[in-house]
Each structure stands twice: as structure tokens, then as C-alpha cells.
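I have placed the structure first, in the form of C-alpha cells, so that the comments after it can refer back to it.
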Amino acid sequence: MRKMPEDKVHKITSVTCTAPVNIAVIKYWGKRDEDLILPINSSLSVTLDQDQLKTTTTAACSRSFKEDRIWLNGKEEDINQPRLQSCLRELRRLARKRRSDGDSSTDVLSYSHKIHICSVNNFPTAAGLASSAAGYACLVYTLSQLLGVEGELSEVARQGSGSACRSMYGGFVQWRMGEQEDGKDSVAEQVEAESHWQELRVLILVVSAERKPVGSTAGMQTSVETSPLLKHRADSLVPGRMEDMINAIRQCDFAAFGELTMKAIVAYTFDAGPNAVIYTLQQHMAEFLQVVMQFFPPETNGGQFLKGLPVSPVTLSEELKSSIGMDPLPKGIRYIISTKPGPGPRLVDDPSLHLLGPDGLPKKTA
Ligand code: DP6
């Protein structure tokens with residue numbers, strides 16, 4: 001009798017999910033525990049709509065897989081990175097625990113099979129656009145679906161990248177720094193859902209999509225080691241600001257929200273990269289965008305300048321133009337992503353969207 005190839009004999013179980021980017025308005029900056037990723041301050045962010053920015057991840061398991069493997073944006077990466085290993089180990093432990101607690105609804109022993117993971121972003125990686133947040137949130141959410149793990153998972157996502165714990169929820173999300181040494185109380189929590197503040201808009205001014213020279217992890221280590229002000233911020237300023245920011249969001253008070261992020265009609269913030277993230281209200285979008293385009297004229301031969309939610313053009317008054325008093329800087333901004341608050345991670349139902357093929361390897365398009 002002809003022997004079947006191994007991958008035909010053993011079933012491959014695949015799950016695909018997507019997860020959002022989040023942009024903090026009260027930043028996490030500095031760790032008190034590098035291994036468990038425990039922060040020195042609480043933080044708060046807005047989860048962005050996945051229609052514009054998302055990570056998509058497929059995870060598959062099969063008895064025929066010889067080892068765990070991962071492909072990121074088309075390239076195979078080292079699965080032994082400690083942070084990836086923390087997430088995998090923790091989810092397998094939770095799956096085993098669930099099974100030994102008597103839950104037989106999950107695929108038999110799937111946690112003992114090797115896993116293949118394939119992940120892509122639809123936005124620039126590592127350019128201060130919180131790619132590690134969406135990436136680890138998506139990894140943890142997808143693996144939890146594959147292994148049948150439920151419950152509080154932001155604590156696991158946090159061990160991949162601190163800010164990833166906030167991408168496990170939609171809308172307005174706080175990450176409580178927690179007090180325990182084991183990090184069990186250092187978790188994310190939704191403050192309000194994305195539908196709560198309908199008028200809030202977010203513009204990302206992309207000046208560079210290059211990989212940044214110093215990552216957040218190293219940047220925060222240097223700050224913790226060298227800045228006495230950082231400790232003052234964490235201990236004395238952030239607790240009050242968290243409370244004020246939560247009130248501002250609950251009351252949809254843009255003046256207070258903007259002032260806490262910074263003082264202006266629109267509120268801007270930078271993550272650890274060169275791209276500015278602007279928070280504003282729907283009614284100011286058209287005029288603000290026109291001002292940006294007046295002073296940073298788009299490249300005429302470049303691709304689309306405004307991506308995402310459409311904004312209708314308006315004419316600026318001469319008075320407004322002259323009051324800004326700045327010479328135009330052509331090509332200063334490469335493109336703009338226009339978006340709004342959005343929901344947390346989701347399961348993709350359509351199997352044709354899996355990034356891994358029936359052989360368990362990335363499809364050509366992944
Ligand atoms: C500026 O979460 O990327 O975006 O925990 O070392 O992976 P690690 O750092 P990361 O840092 C994010 C820093 C920030 C601020 C924020 O998102 O709160």
C-alpha cells in the first residue's frame with residue numbers, strides 16, 4: 001500500500017485573528033521588572049480602528065509539525081526570543097490547566113502539538129506605530145483561540161510587550177501598573193467602549209516608515225537609569241493624571257483630554273518614533289488637514305496622501321494661513337492615516353483569509 005505523506009495523515013487546525021494598534025495618551029515609560037514586564041506607572045490609551053491599522057495572525061497546530069516556527073511580515077524569525085517563549089509557555093500552561101480542570105471542549109491535547117505562526121501588519125513596522133502592541137496582542141489572542149484558553153489574557157500579552165496588554169481591548173483602555181511581584185494585578189481594563197465617544201478622530205502623520213534606531217525597550221532602560229524626573233513623573237504625576245484622564249473620557253471632554261495629552265485645539269503625541277499622532281474632533285478634521293497640507297504639501301507623484309477615513313476638502317481663510325507664519329515644507333510628511341477609536345481583537349471566520357496554507361507554511365501572499 002502507498003504510504004501517505006505525513007502532512008496528509010495528520011489534521012492541521014488553523015485559527016486566524018486580527019488585533020488593533022493603540023496609542024497612549026498617558027504613556028508607559030519604564031519598567032520595575034524587565035522579565036515580567038511590570039511598569040513603573042499606570043498608562044492609558046486609545047485603541048485604533050482595525051479598518052485602518054491591524055495585525056493579522058494565523059496560528060496552526062498539527063501532530064505532523066516538527067518544531068514551533070514563526071514568520072513575521074514574510075520572513076521567518078527566531079521562535080526562541082524570550083518574549084515569544086513567555087507567551088507560548090504561558091498559553092500552553094493555561095490550556096493544560098483548563099484540560100486538567102475537566103474542560104473537554106477543546107481539541108484533545110492540541111497544546112502538546114508544535115505550532116506554526118504567521119503574522120502580517122498592514123502598517124509600517126517598528127516606526128513608533130505600536131507594532132509590537134498589535135503584534136503581541138494578536139499572537140496571544142490567536143493562540144488562545146487555537147488552544148481553547150479563555151479569560152483574562154492581557155497579563156499574558158503584557159509579557160510579550162508592555163503596551164500589548166492594552167490592545168486586548170477596544171475603545172479607551174487603562175493598564176493598571178499593579179503592586180504584586182508576580183504581576184497578576186498588572187492588567188489592562190476597558191474604561192469606555194469605542195462607541196462611547198463618536199466624534200473623536202485620530203490622524204497619524206507618517207514622516208518616516210523606517211525602523212527606528214533605538215527601540216522603546218532600550219529607550220526606557222536608559223531613562224530609568226539616568227532620569228530622576230522619570231521617577232517623579234511615575235510616583236507623583238501619573239496617578240492624578242490617570243484619574244483626570246478617565247474623567248475626561250467618561251465626560252467626552254475634549255478640552256480636558258487634549259490638555260492632559262497637551263495644550264491645543266488638537267492634541268498631539270509621539271510614541272517612540274518620529275510619526276506624530278493627532279487627536280481631534282470630527283468637526284475640526286477638514287480644516288486641520290487643510291492646514292497640514294498647506295504647510296507640508298504632498299508629493300505630487302507620490303501615492304495616496306490621505307489614507308483611511310475620508311475628509312472633505314475646505315478652503316482656508318487668508319487670515320488663518322498668515323496667522324500660522326511658517327514656510328511650506330514640501331515632502332515633510334509622506335502620508336497621513338485618518339482613523340478613529342475601534343474595537344479589540346477579533347476572530348476571522350473566513351478560512352480563505354488564513355495566512356498559512358494546508359501544508360502549514362505561509363501562503364505566497366502572506
Ligand atoms: C512610547 O510596549 O513597545 O509606546 O514593553 O519594552 O515592549 P516593551 O515596550 P513597548 O513601549 C511602548 C512605549 C510607548 C508608550 C506607550 O505605549 O504607553
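Labels used: A, B, ... for chains in the order of the C-alpha cells, numbers from 1 for residues in each chain, and numbers from 1 for ligands as shown.
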Check every protein, DNA and RNA residue against ligand 1, keep those with an atom at most 10 Å away (counting only C-alpha atoms and all ligand atoms), and present them as a ChimeraX atom specification. /A:21-31,34-39,41-46,83,126,128-134,136,157-167,174-175,215-221,269-273
So which bits of region 241-354 of chain A end up alpha helix (DSSP H) when you DSSP the backbone, as number ranges by chain? A: 241-250, 254-261, 282-295, 318-324
Which polymer residues have any atom within 12 Å of an atom of Asp51 (chain A), counting only C-alpha atoms, with same-chain residues fewer than 3 positions away left out, as a ChimeraX atom specification? /A:18-21,47-48,54-56,122-123,307-309,337-344
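Residues lying within 8 Å of Leu316 (chain A), counting only C-alpha atoms and ignoring same-chain neighbours fewer than 5 positions away, are Glu287, Gln290, Val291 and Lys321 of chain A.
Every protein, DNA or RNA residue with an atom at most 8 Å from Tyr141 (chain A), where only C-alpha atoms count and chain neighbours fewer than 5 positions away do not, is listed here: A:Cys17, A:Leu153, A:Met168, A:Pro345.
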How would the residues just picked look written out with N, CA and C atoms as a PDB file, in the first residue's frame?
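The resulting part26.pdb:
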ATOM      1  N   CYS A  17      -6.800  35.546  13.474  1.00  0.00           N
ATOM      2  CA  CYS A  17      -7.411  36.666  14.208  1.00  0.00           C
ATOM      3  C   CYS A  17      -6.728  37.965  13.806  1.00  0.00           C
ATOM      4  N   LEU A 153      -6.513  37.743  29.502  1.00  0.00           N
ATOM      5  CA  LEU A 153      -5.298  37.403  28.755  1.00  0.00           C
ATOM      6  C   LEU A 153      -4.356  38.589  28.598  1.00  0.00           C
ATOM      7  N   MET A 168      -5.583  44.432  23.909  1.00  0.00           N
ATOM      8  CA  MET A 168      -6.508  43.306  24.086  1.00  0.00           C
ATOM      9  C   MET A 168      -7.947  43.792  24.241  1.00  0.00           C
ATOM     10  N   PRO A 345      -9.356  42.772  19.695  1.00  0.00           N
ATOM     11  CA  PRO A 345      -9.054  41.674  18.775  1.00  0.00           C
ATOM     12  C   PRO A 345     -10.301  40.899  18.342  1.00  0.00           C
TER      13      PRO A 345
END
Quick one: distance from CA of Leu205 (chain A) to CA of Pro313 (chain A) in Å, one decimal? 17.3 Å
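Candidate residues A:Val311, A:Val348, A:Val140, A:Cys118 were compared for distance to Gly74 (chain A), and the nearest is A:Cys118, using only C-alpha atoms.
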Report, in Å with one decimal, the straight-line distance from CA of Leu281 (chain A) to CA of Val202 (chain A). 8.3 Å
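Take CA of Arg63 (chain A) and CA of Ile117 (chain A): the distance between them is 14.9 Å.
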